[in-house]
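As provided, upload.txt (compact mmCIF, C-alpha atoms and all ligand atoms) reads as follows.
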# COMPACT_ATOMS: atom_id res chain seq x y z
CA MET A 256 -156.49 13.73 -33.52
CA PRO A 257 -153.91 11.23 -32.17
CA ASP A 258 -150.73 12.62 -30.58
CA ALA A 259 -147.99 13.56 -33.05
CA ILE A 260 -145.10 11.23 -33.91
CA PRO A 261 -143.65 13.21 -36.81
CA PHE A 262 -141.13 11.63 -39.18
CA THR A 263 -140.48 14.87 -41.01
CA ARG A 264 -137.73 16.63 -39.13
CA GLY A 265 -134.09 15.83 -39.90
CA VAL A 266 -132.96 17.23 -36.55
CA PRO A 267 -131.44 15.63 -33.46
CA ALA A 268 -133.90 14.72 -30.68
CA ALA A 269 -133.59 16.82 -27.51
CA ASP A 270 -131.77 14.03 -25.65
CA LEU A 271 -129.01 14.00 -28.32
CA ILE A 272 -128.15 17.67 -27.75
CA PRO A 273 -125.35 18.28 -25.18
CA VAL A 274 -127.05 21.09 -23.27
CA ASP A 275 -124.89 21.02 -20.12
CA ASP A 276 -121.60 20.94 -22.01
CA LEU A 277 -122.75 23.82 -24.23
CA ARG A 278 -123.71 25.83 -21.13
CA ASP A 279 -120.22 25.28 -19.71
CA ALA A 280 -118.62 26.10 -23.05
CA THR A 281 -120.58 29.37 -23.25
CA ARG A 282 -119.26 30.46 -19.89
CA ARG A 283 -115.71 29.46 -20.78
CA ALA A 284 -115.87 31.23 -24.16
CA LEU A 285 -116.92 34.45 -22.49
CA ASP A 286 -114.42 34.12 -19.64
CA ALA A 287 -111.44 33.25 -21.83
CA ASP A 288 -111.58 35.99 -24.46
CA PRO A 289 -114.81 38.00 -24.28
CA VAL A 290 -113.72 40.67 -26.74
CA ALA A 291 -112.85 38.14 -29.45
CA ALA A 292 -116.03 36.16 -28.81
CA LEU A 293 -118.13 39.32 -29.20
CA SER A 294 -116.38 40.91 -32.19
CA TYR A 295 -116.74 40.57 -35.95
CA ALA A 296 -114.74 37.66 -37.37
CA PRO A 297 -114.71 37.67 -41.18
CA GLY A 298 -114.46 34.09 -42.42
CA GLY A 299 -115.24 32.81 -38.92
CA TYR A 300 -113.80 32.74 -35.39
CA ARG A 301 -110.13 31.89 -35.82
CA PRO A 302 -109.74 29.19 -33.12
CA LEU A 303 -112.69 27.25 -34.60
CA ARG A 304 -111.29 27.61 -38.12
CA GLU A 305 -108.02 26.21 -36.78
CA TRP A 306 -109.74 23.28 -35.08
CA ILE A 307 -111.64 22.46 -38.30
CA GLY A 308 -108.54 22.95 -40.45
CA ALA A 309 -106.57 20.53 -38.25
CA ARG A 310 -109.30 17.87 -38.60
CA HIS A 311 -109.14 18.13 -42.38
CA GLY A 312 -105.38 18.57 -42.68
CA VAL A 313 -105.60 22.04 -44.25
CA ASP A 314 -104.54 25.52 -43.27
CA ALA A 315 -107.25 27.43 -41.35
CA GLY A 316 -107.26 30.00 -44.16
CA ARG A 317 -108.99 27.46 -46.39
CA VAL A 318 -111.86 27.06 -43.92
CA LEU A 319 -114.81 29.40 -44.40
CA ILE A 320 -117.34 29.28 -41.57
CA THR A 321 -120.98 30.06 -42.33
CA ASN A 322 -124.23 30.40 -40.40
CA GLY A 323 -125.20 26.78 -41.02
CA SER A 324 -124.08 24.75 -44.01
CA LEU A 325 -127.14 25.70 -46.03
CA GLN A 326 -125.72 29.21 -46.19
CA ALA A 327 -122.46 27.71 -47.45
CA ILE A 328 -124.38 25.99 -50.25
CA GLY A 329 -126.08 29.31 -50.97
CA PHE A 330 -122.69 30.98 -51.34
CA LEU A 331 -121.60 28.28 -53.77
CA GLY A 332 -124.79 28.74 -55.82
CA ARG A 333 -124.17 32.47 -56.00
CA HIS A 334 -120.48 32.06 -56.86
CA PHE A 335 -120.75 29.38 -59.54
CA PHE A 336 -123.90 30.74 -61.17
CA ALA A 337 -123.19 34.47 -60.82
CA ASP A 338 -124.21 34.99 -64.45
CA ARG A 339 -127.30 32.76 -63.92
CA ASP A 340 -126.10 30.35 -66.55
CA GLY A 341 -124.50 26.90 -66.59
CA ALA A 342 -125.25 23.32 -65.55
CA ALA A 343 -125.17 21.59 -62.18
CA VAL A 344 -125.30 17.83 -61.61
CA VAL A 345 -127.23 16.51 -58.63
CA GLU A 346 -128.11 13.09 -57.30
CA ALA A 347 -131.66 11.79 -57.80
CA PRO A 348 -132.96 11.99 -55.12
CA THR A 349 -131.11 14.75 -53.25
CA TYR A 350 -131.52 17.32 -50.46
CA ASP A 351 -134.55 19.43 -51.38
CA ARG A 352 -133.21 22.74 -50.04
CA THR A 353 -130.12 22.51 -52.23
CA LEU A 354 -132.38 21.93 -55.23
CA LYS A 355 -134.18 25.18 -54.39
CA ILE A 356 -130.92 27.08 -53.98
CA LEU A 357 -129.51 25.84 -57.28
CA ARG A 358 -132.76 26.52 -59.12
CA GLU A 359 -132.94 30.03 -57.71
CA ALA A 360 -129.28 30.59 -58.61
CA GLY A 361 -130.22 29.90 -62.23
CA ALA A 362 -128.51 26.51 -62.63
CA ASP A 363 -129.68 24.08 -65.27
CA LEU A 364 -130.10 20.89 -63.21
CA HIS A 365 -129.09 17.43 -64.47
CA ALA A 366 -130.07 14.58 -62.16
CA VAL A 367 -128.13 11.31 -62.04
CA PRO A 368 -129.74 8.29 -60.34
CA LEU A 369 -128.54 6.98 -57.04
CA ASP A 370 -128.60 3.48 -55.54
CA PRO A 371 -127.55 2.30 -52.07
CA ASP A 372 -123.89 2.27 -53.27
CA GLY A 373 -124.00 5.91 -54.31
CA LEU A 374 -124.26 7.81 -57.58
CA ASP A 375 -124.54 5.80 -60.80
CA VAL A 376 -121.07 6.78 -62.01
CA ASP A 377 -121.52 5.09 -65.40
CA ARG A 378 -124.52 7.31 -66.15
CA PHE A 379 -122.55 10.32 -64.95
CA ALA A 380 -119.58 9.37 -67.12
CA ASP A 381 -121.95 9.03 -70.11
CA LEU A 382 -123.25 12.56 -69.55
CA LEU A 383 -119.69 13.88 -69.45
CA ALA A 384 -118.69 11.89 -72.51
CA GLY A 385 -121.75 13.37 -74.24
CA GLY A 386 -120.35 16.87 -73.68
CA LEU A 387 -122.00 18.02 -70.44
CA ARG A 388 -119.64 20.32 -68.50
CA PRO A 389 -121.27 21.13 -65.16
CA ARG A 390 -119.93 24.03 -63.17
CA LEU A 391 -120.67 22.14 -60.02
CA VAL A 392 -121.53 18.55 -59.04
CA TYR A 393 -123.44 18.39 -55.76
CA LEU A 394 -123.04 15.10 -53.87
CA ILE A 395 -123.91 13.79 -50.40
CA PRO A 396 -121.82 10.61 -50.52
CA THR A 397 -122.21 9.48 -46.90
CA TYR A 398 -125.58 8.58 -45.32
CA GLN A 399 -127.31 10.70 -47.88
CA ASN A 400 -130.31 12.92 -47.28
CA PRO A 401 -132.90 11.62 -48.17
CA SER A 402 -131.91 8.08 -49.19
CA GLY A 403 -129.46 7.05 -46.44
CA ALA A 404 -127.17 5.72 -49.21
CA CYS A 405 -123.44 5.53 -48.62
CA ALA A 406 -121.19 5.59 -51.69
CA SER A 407 -118.78 2.67 -51.97
CA LEU A 408 -115.04 3.24 -52.13
CA GLU A 409 -115.02 2.21 -55.82
CA ARG A 410 -117.67 4.79 -56.72
CA ARG A 411 -115.82 7.47 -54.75
CA GLN A 412 -112.60 6.68 -56.55
CA ALA A 413 -114.40 6.78 -59.88
CA LEU A 414 -115.92 10.17 -59.07
CA VAL A 415 -112.57 11.67 -58.15
CA GLU A 416 -111.07 10.19 -61.30
CA LEU A 417 -113.81 11.80 -63.43
CA ALA A 418 -113.34 15.11 -61.61
CA ARG A 419 -109.64 15.04 -62.49
CA ARG A 420 -110.17 13.97 -66.08
CA TYR A 421 -112.80 16.64 -66.81
CA ASP A 422 -111.53 19.27 -64.36
CA LEU A 423 -114.82 19.28 -62.43
CA VAL A 424 -115.75 20.85 -59.10
CA LEU A 425 -117.38 18.30 -56.78
CA VAL A 426 -119.21 19.69 -53.76
CA GLU A 427 -119.14 17.03 -51.04
CA ASP A 428 -121.87 17.85 -48.54
CA ASP A 429 -121.10 15.76 -45.47
CA PRO A 430 -123.14 16.63 -42.38
CA TYR A 431 -123.86 12.96 -41.49
CA GLY A 432 -120.56 11.20 -42.20
CA LEU A 433 -119.43 10.88 -38.56
CA LEU A 434 -122.73 9.27 -37.49
CA ARG A 435 -121.75 5.72 -38.48
CA PHE A 436 -123.64 2.77 -36.96
CA GLU A 437 -121.61 -0.08 -38.44
CA GLY A 438 -119.09 -0.96 -41.12
CA ASP A 439 -115.66 0.51 -41.74
CA PRO A 440 -115.31 4.24 -42.36
CA VAL A 441 -114.98 5.13 -46.05
CA PRO A 442 -112.67 7.99 -47.03
CA THR A 443 -114.32 11.22 -48.07
CA LEU A 444 -114.02 12.49 -51.64
CA HIS A 445 -112.03 15.35 -50.14
CA GLU A 446 -109.53 12.91 -48.65
CA LEU A 447 -109.29 10.87 -51.85
CA ASP A 448 -108.80 13.95 -53.99
CA GLY A 449 -106.58 16.01 -51.69
CA GLY A 450 -108.89 19.02 -51.96
CA GLU A 451 -108.18 20.31 -55.49
CA HIS A 452 -111.40 19.25 -57.20
CA VAL A 453 -113.52 18.80 -54.11
CA ILE A 454 -115.14 21.50 -51.99
CA TYR A 455 -115.96 19.93 -48.64
CA CYS A 456 -119.01 21.15 -46.74
CA SER A 457 -120.15 20.17 -43.26
CA SER A 458 -122.06 21.35 -40.24
CA PHE A 459 -122.39 21.11 -36.47
CA THR A 460 -126.19 20.82 -36.82
CA LYS A 461 -126.40 17.03 -36.83
CA THR A 462 -123.52 16.33 -34.45
CA VAL A 463 -124.03 19.09 -31.83
CA ALA A 464 -127.21 21.18 -32.33
CA PRO A 465 -129.04 22.97 -35.16
CA GLY A 466 -129.31 26.16 -33.07
CA VAL A 467 -125.57 26.82 -33.14
CA ARG A 468 -126.15 27.56 -36.86
CA THR A 469 -122.56 26.77 -37.70
CA GLY A 470 -121.44 25.11 -40.91
CA TYR A 471 -118.31 25.40 -42.99
CA LEU A 472 -116.57 24.92 -46.29
CA VAL A 473 -113.04 23.66 -46.92
CA VAL A 474 -112.13 25.12 -50.29
CA PRO A 475 -109.21 24.95 -52.72
CA GLU A 476 -106.84 27.90 -52.46
CA ARG A 477 -108.19 29.57 -55.63
CA LEU A 478 -111.68 29.89 -54.09
CA VAL A 479 -110.60 31.40 -50.75
CA LYS A 480 -110.67 35.02 -51.92
CA PRO A 481 -113.91 35.10 -53.94
CA LEU A 482 -115.87 33.23 -51.29
CA ALA A 483 -114.43 35.43 -48.52
CA VAL A 484 -115.62 38.50 -50.44
CA LEU A 485 -119.08 36.97 -50.92
CA SER A 486 -119.27 36.13 -47.23
CA GLU A 487 -118.09 39.55 -46.10
CA ASN A 488 -120.51 41.32 -48.42
CA THR A 489 -123.33 39.18 -47.04
CA HIS A 490 -122.82 39.45 -43.30
CA ILE A 491 -119.33 40.85 -42.55
CA GLY A 492 -118.72 37.63 -40.61
CA PRO A 493 -120.82 34.74 -39.33
CA ASN A 494 -122.05 34.44 -35.72
CA THR A 495 -118.84 34.78 -33.70
CA LEU A 496 -120.37 34.01 -30.31
CA ALA A 497 -121.81 30.66 -31.44
CA GLU A 498 -118.43 29.76 -32.96
CA ALA A 499 -116.55 30.78 -29.81
CA VAL A 500 -118.86 28.49 -27.83
CA LEU A 501 -118.17 25.65 -30.28
CA ALA A 502 -114.44 26.35 -30.15
CA ALA A 503 -114.52 26.09 -26.34
CA TYR A 504 -116.67 22.95 -26.59
CA CYS A 505 -114.49 21.23 -29.19
CA GLY A 506 -111.25 22.48 -27.62
CA ALA A 507 -112.24 20.82 -24.32
CA GLY A 508 -112.52 17.47 -26.14
CA ARG A 509 -116.33 17.32 -25.95
CA PHE A 510 -117.04 16.88 -29.67
CA GLU A 511 -115.95 13.26 -30.21
CA PRO A 512 -117.72 11.87 -27.13
CA ASN A 513 -120.91 13.60 -28.21
CA VAL A 514 -120.66 12.14 -31.70
CA GLU A 515 -120.40 8.71 -30.04
CA ARG A 516 -123.35 9.40 -27.78
CA ALA A 517 -125.49 10.79 -30.61
CA THR A 518 -124.56 7.85 -32.85
CA ALA A 519 -125.67 5.39 -30.17
CA GLY A 520 -128.99 7.23 -29.76
CA LEU A 521 -129.53 7.31 -33.51
CA ARG A 522 -128.64 3.62 -33.90
CA THR A 523 -131.31 2.70 -31.34
CA ARG A 524 -133.85 4.72 -33.32
CA ARG A 525 -132.70 3.22 -36.63
CA ASP A 526 -133.12 -0.28 -35.19
CA ALA A 527 -136.57 0.56 -33.85
CA MET A 528 -137.65 1.88 -37.24
CA GLU A 529 -136.25 -1.10 -39.12
CA ALA A 530 -138.14 -3.51 -36.81
CA ALA A 531 -141.34 -1.46 -37.13
CA LEU A 532 -141.13 -1.31 -40.92
CA ARG A 533 -140.69 -5.09 -41.05
CA ALA A 534 -143.60 -5.61 -38.70
CA HIS A 535 -146.11 -3.17 -40.19
CA PHE A 536 -145.30 -2.02 -43.71
CA PRO A 537 -146.95 -3.81 -46.63
CA VAL A 538 -145.26 -6.70 -48.38
CA GLY A 539 -143.40 -5.26 -51.35
CA ALA A 540 -142.27 -2.06 -49.57
CA ARG A 541 -138.55 -1.60 -50.26
CA TRP A 542 -135.77 0.07 -48.36
CA ALA A 543 -132.04 -0.25 -47.82
CA THR A 544 -131.10 -0.19 -44.15
CA PRO A 545 -129.08 3.00 -43.51
CA ARG A 546 -125.70 2.33 -41.93
CA GLY A 547 -125.55 5.82 -40.45
CA GLY A 548 -127.26 9.18 -40.48
CA TYR A 549 -130.86 10.21 -39.91
CA PHE A 550 -133.14 8.70 -42.57
CA PHE A 551 -134.95 5.74 -44.07
CA TRP A 552 -136.06 6.04 -47.68
CA VAL A 553 -138.96 3.67 -48.35
CA GLU A 554 -140.55 2.85 -51.71
CA LEU A 555 -144.12 1.63 -51.44
CA PRO A 556 -145.85 -1.01 -53.55
CA ASP A 557 -149.21 -1.04 -55.33
CA GLY A 558 -149.30 2.45 -56.73
CA VAL A 559 -149.34 4.24 -53.37
CA ASP A 560 -149.02 7.94 -54.16
CA THR A 561 -147.26 9.54 -51.21
CA THR A 562 -148.35 13.05 -52.22
CA ASP A 563 -152.01 12.04 -52.11
CA ALA A 564 -151.60 10.15 -48.82
CA LEU A 565 -149.82 12.97 -47.00
CA PRO A 566 -152.91 14.79 -45.61
CA ALA A 567 -154.22 11.52 -44.12
CA ALA A 568 -150.81 10.82 -42.55
CA ALA A 569 -150.73 14.33 -41.07
CA GLU A 570 -154.26 13.78 -39.75
CA GLN A 571 -153.01 10.65 -37.99
CA GLY A 572 -150.11 12.62 -36.48
CA VAL A 573 -147.47 10.81 -38.56
CA PRO A 574 -146.39 13.21 -41.32
CA TYR A 575 -143.43 12.35 -43.54
CA VAL A 576 -141.66 14.13 -46.36
CA ARG A 577 -142.92 12.93 -49.71
CA GLY A 578 -140.36 11.46 -52.07
CA ALA A 579 -141.24 13.79 -54.96
CA ASP A 580 -139.74 16.75 -53.06
CA PHE A 581 -136.24 15.35 -53.49
CA PHE A 582 -136.15 15.11 -57.28
CA ALA A 583 -135.01 17.75 -59.73
CA GLY A 584 -137.39 16.21 -62.28
CA GLU A 585 -139.90 13.38 -62.15
CA GLY A 586 -139.60 10.70 -59.50
CA GLY A 587 -140.32 9.66 -55.96
CA ARG A 588 -144.12 9.59 -56.10
CA ASP A 589 -144.16 6.17 -54.44
CA ALA A 590 -141.45 7.05 -51.89
CA VAL A 591 -141.23 8.61 -48.44
CA ARG A 592 -138.37 9.95 -46.38
CA LEU A 593 -138.77 8.93 -42.77
CA ALA A 594 -136.51 10.70 -40.29
CA TYR A 595 -135.94 8.70 -37.11
CA SER A 596 -133.54 11.23 -35.58
CA ALA A 597 -136.10 13.38 -33.78
CA CYS A 598 -138.51 10.65 -32.56
CA PRO A 599 -138.39 9.08 -29.13
CA ALA A 600 -137.27 5.50 -29.83
CA ASP A 601 -140.21 4.04 -27.91
CA ARG A 602 -142.77 5.87 -30.09
CA ILE A 603 -141.42 4.74 -33.44
CA ASP A 604 -143.27 1.42 -33.55
CA GLU A 605 -146.63 3.05 -32.95
CA GLY A 606 -145.91 5.80 -35.48
CA ILE A 607 -144.93 3.34 -38.20
CA ALA A 608 -147.97 1.16 -37.45
CA ARG A 609 -150.22 4.21 -37.88
CA LEU A 610 -148.48 5.16 -41.09
CA ALA A 611 -148.87 1.64 -42.46
CA GLY A 612 -152.59 1.95 -41.67
CA VAL A 613 -152.75 5.18 -43.67
CA PHE A 614 -151.11 3.58 -46.70
CA ALA A 615 -153.33 0.49 -46.44
CA SER A 616 -156.58 2.45 -46.26
CA HIS A 617 -155.81 5.40 -48.49
CA PRO A 618 -157.71 5.19 -51.76
CA ALA A 619 -154.53 5.80 -53.76
CA ALA A 620 -153.21 2.52 -52.34
CA VAL A 621 -155.35 0.75 -54.93
CA ALA A 622 -153.48 1.00 -58.20
C1 LIG B 1 -127.41 17.27 -46.76
C2 LIG B 1 -127.66 18.49 -45.95
N1 LIG B 1 -126.93 19.59 -46.19
C3 LIG B 1 -127.12 20.72 -45.49
C4 LIG B 1 -128.06 20.79 -44.49
C5 LIG B 1 -128.25 22.10 -43.78
O1 LIG B 1 -127.78 22.05 -42.49
P1 LIG B 1 -127.44 23.34 -41.63
O2 LIG B 1 -128.33 23.27 -40.43
O3 LIG B 1 -125.99 23.23 -41.31
O4 LIG B 1 -127.73 24.57 -42.46
C6 LIG B 1 -128.85 19.67 -44.19
C7 LIG B 1 -129.90 19.73 -43.16
O5 LIG B 1 -130.82 18.96 -43.11
C8 LIG B 1 -128.64 18.49 -44.95
O6 LIG B 1 -129.34 17.37 -44.74
Turn the structure described in the file into structure tokens.
Ligand SMILES: Cc1ncc(COP(=O)(O)O)c(C=O)c1O
Amino acid sequence: MPDAIPFTRGVPAADLIPVDDLRDATRRALDADPVAALSYAPGGYRPLREWIGARHGVDAGRVLITNGSLQAIGFLGRHFFADRDGAAVVEAPTYDRTLKILREAGADLHAVPLDPDGLDVDRFADLLAGGLRPRLVYLIPTYQNPSGACASLERRQALVELARRYDLVLVEDDPYGLLRFEGDPVPTLHELDGGEHVIYCSSFTKTVAPGVRTGYLVVPERLVKPLAVLSENTHIGPNTLAEAVLAAYCGAGRFEPNVERATAGLRTRRDAMEAALRAHFPVGARWATPRGGYFFWVELPDGVDTTDALPAAAEQGVPYVRGADFFAGEGGRDAVRLAYSACPADRIDEGIARLAGVFASHPAAVA
């Protein structure tokens, strides 16, 4: 079997992780206040909550730190669907693990299509006008997983407007927003709304390292208490030591430079994948070039079924995540999510060439 060049993992490559700075930060965290760094901290380690609160212009009390942002999404699923009833709106496609969480929470999922400019707000408005009242609307507006889409300012404004008109709760999941390759920054829904109708969710996984397992929510005042109770009943507090290390790391001004460094490394990989797709993928394959984040979303021509082709791709050492995994209902059978974040840039061309060979020779490629 050829050596592996996997396109599956939405994680930072080893060279994007700031190992030396995290080693220093660990020592400083333990030297500065060892007792605090090694104690329970319900809601999260206070200095990190303060650093996050300052970035988002809110009091630290509105920041709830979790062991990774997926846990934060899990808390929201449990809170909003405590009676295992009610609707949730999601993008189509959207992050597969959130789909699982919402399904397991008992939510009735309604999917609204997405294009490179974000959610189709007209379709969403039609659903609302038709009487749908979701308890939660889950959105990844910036460099979306899996599509790479980035919602335009107009769509963001329209979403906030709808949230106000119908008194909705929008969950803005934003782990990729800082990893911008080009174009002007677009305000978050949280910034546009002021934080009344938007719960903001983010993570240090994509900007620092997955192993710190640190994510967070910025919530409206009314949700502080119930989510704090849920968090405390789950784990008393999240991982204080990891948060103390991050607080030392961020407090020493290391976060922003690492975001810049990681963005540069990701941009190189994005460019390599774009060039490889152009060179090797079949005529008729479609994608929108991501302007940030970790992923290409590619739709294949000629009836290629990416579920059927997956074993052959794995055999060739170039597995991907099949498009169908990212849909609440039907969809994505001709699509793949290709993560460039974890691949060495100089292996991407060969990996994409191999994958193109799989699609060209796989029997399902003939419609
Ligand atoms: C959109 C989105 N939300 C949440 C997560 C979970 O990240 P964490 O490692 O913070 O749990 C991911 C990870 O891939 C993601 O893509």
Self-check item: Å distance separating CA of Asp338 in chain A from CA of Lys355 in chain A, one decimal place
Solution: 17.2 Å
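Restricting the calculation to only C-alpha atoms, the smallest distance between Val500 in chain A and any of A:Ala413, A:Ile603, A:Ala287, A:Ala597 is found for A:Ala287.
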Chain A residues near ligand LIG 1 (chain B) within 10 Å, closest pair each, using all atoms listed in the file, as a tab-separated table:
residue	atom	partner	partner_atom	distance
A:Arg264	CA	B:LIG1	O5	8.3
A:Gly265	CA	B:LIG1	O5	5.5
A:Val266	CA	B:LIG1	O5	7.1
A:Thr321	CA	B:LIG1	O3	8.5
A:Asn322	CA	B:LIG1	O4	7.1
A:Gly323	CA	B:LIG1	O3	3.6
A:Ser324	CA	B:LIG1	O3	3.6
A:Leu325	CA	B:LIG1	O4	3.8
A:Gln326	CA	B:LIG1	O4	6.3
A:Ala327	CA	B:LIG1	O4	7.9
A:Ile328	CA	B:LIG1	C3	7.6
A:Gly329	CA	B:LIG1	O4	9.9
A:Thr349	CA	B:LIG1	C1	7.9
A:Tyr350	CA	B:LIG1	C1	5.5
A:Asp351	CA	B:LIG1	O6	8.7
A:Arg352	CA	B:LIG1	C4	7.8
A:Thr353	CA	B:LIG1	N1	7.4
A:Tyr393	CA	B:LIG1	C1	9.9
A:Leu394	CA	B:LIG1	C1	8.6
A:Ile395	CA	B:LIG1	C1	6.1
A:Pro396	CA	B:LIG1	C1	9.5
A:Thr397	CA	B:LIG1	C1	9.4
A:Tyr398	CA	B:LIG1	C1	9.0
A:Gln399	CA	B:LIG1	C1	6.7
A:Asn400	CA	B:LIG1	O6	5.2
A:Pro401	CA	B:LIG1	O6	7.6
A:Glu427	CA	B:LIG1	C1	9.3
A:Asp428	CA	B:LIG1	N1	5.8
A:Asp429	CA	B:LIG1	C1	6.6
A:Pro430	CA	B:LIG1	C2	6.1
A:Tyr431	CA	B:LIG1	C1	7.7
A:Cys456	CA	B:LIG1	N1	8.1
A:Ser457	CA	B:LIG1	O3	6.9
A:Ser458	CA	B:LIG1	O3	4.5
A:Phe459	CA	B:LIG1	O3	6.4
A:Thr460	CA	B:LIG1	O2	4.9
A:Lys461	CA	B:LIG1	O2	7.5
A:Ala464	CA	B:LIG1	O2	8.4
A:Pro465	CA	B:LIG1	O2	5.3
A:Gly466	CA	B:LIG1	O2	8.0
A:Val467	CA	B:LIG1	O2	8.6
A:Arg468	CA	B:LIG1	O2	6.0
A:Thr469	CA	B:LIG1	O3	6.1
A:Gly470	CA	B:LIG1	O3	4.9
A:Tyr471	CA	B:LIG1	O3	8.2
A:Gly548	CA	B:LIG1	O6	9.5
A:Tyr549	CA	B:LIG1	O6	8.8
A:Phe550	CA	B:LIG1	O6	9.7
Quiz prompt | Option closest in space to Ala362 in chain A, from A:His445, A:Arg524, A:Arg310, A:Arg333 [counting only C-alpha atoms] | solution = A:Arg333
Centre and size of axis-aligned box enclosing range 320-331 of chain A plus 8 Å each side, as lines of an AutoDock Vina configuration file:
center_x = -122.2
center_y = 27.9
center_z = -47.1
size_x = 25.8
size_y = 22.2
size_z = 29.4
Quiz item: What is the distance, in Å and to one decimal place, between CA of Asp279 in chain A and CA of Ala497 in chain A?
Solution: 13.0 Å
Exercise. For each of A:Leu444, A:Val367, A:Val424, A:Ala590, take the minimum atom-to-atom distance to Gln412 in chain A, counting all atoms listed in the file, then give the residue where this is smallest.
Key: A:Leu444
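Between CA of Asp422 in chain A and CA of Asp370 in chain A the separation is 24.9 Å.
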Practice problem: With a distance cut-off of 12 Å and all atoms listed in the file, select the neighbouring residues of Thr562 in chain A, excluding the residue or stretch itself and same-chain residues fewer than 4 positions from it, and output the selection as a list of chain:residue names. | Solution: A:Gly558, A:Pro566, A:Ala567, A:Ala568, A:Ala569, A:Pro574, A:Tyr575, A:Val576, A:Arg577, A:Gly578, A:Ala579, A:Asp580, A:Gly586, A:Gly587, A:Arg588, A:Asp589, A:Ala590, A:Val591, A:Arg592, A:Phe614, A:His617, A:Ala619, A:Ala620
Quiz item: Looking at A:Arg339, A:Arg378, A:Arg410, A:Arg525, which one is nearest to Ala543 in chain A, with distances taken over all atoms listed in the file?
Solution: A:Arg525
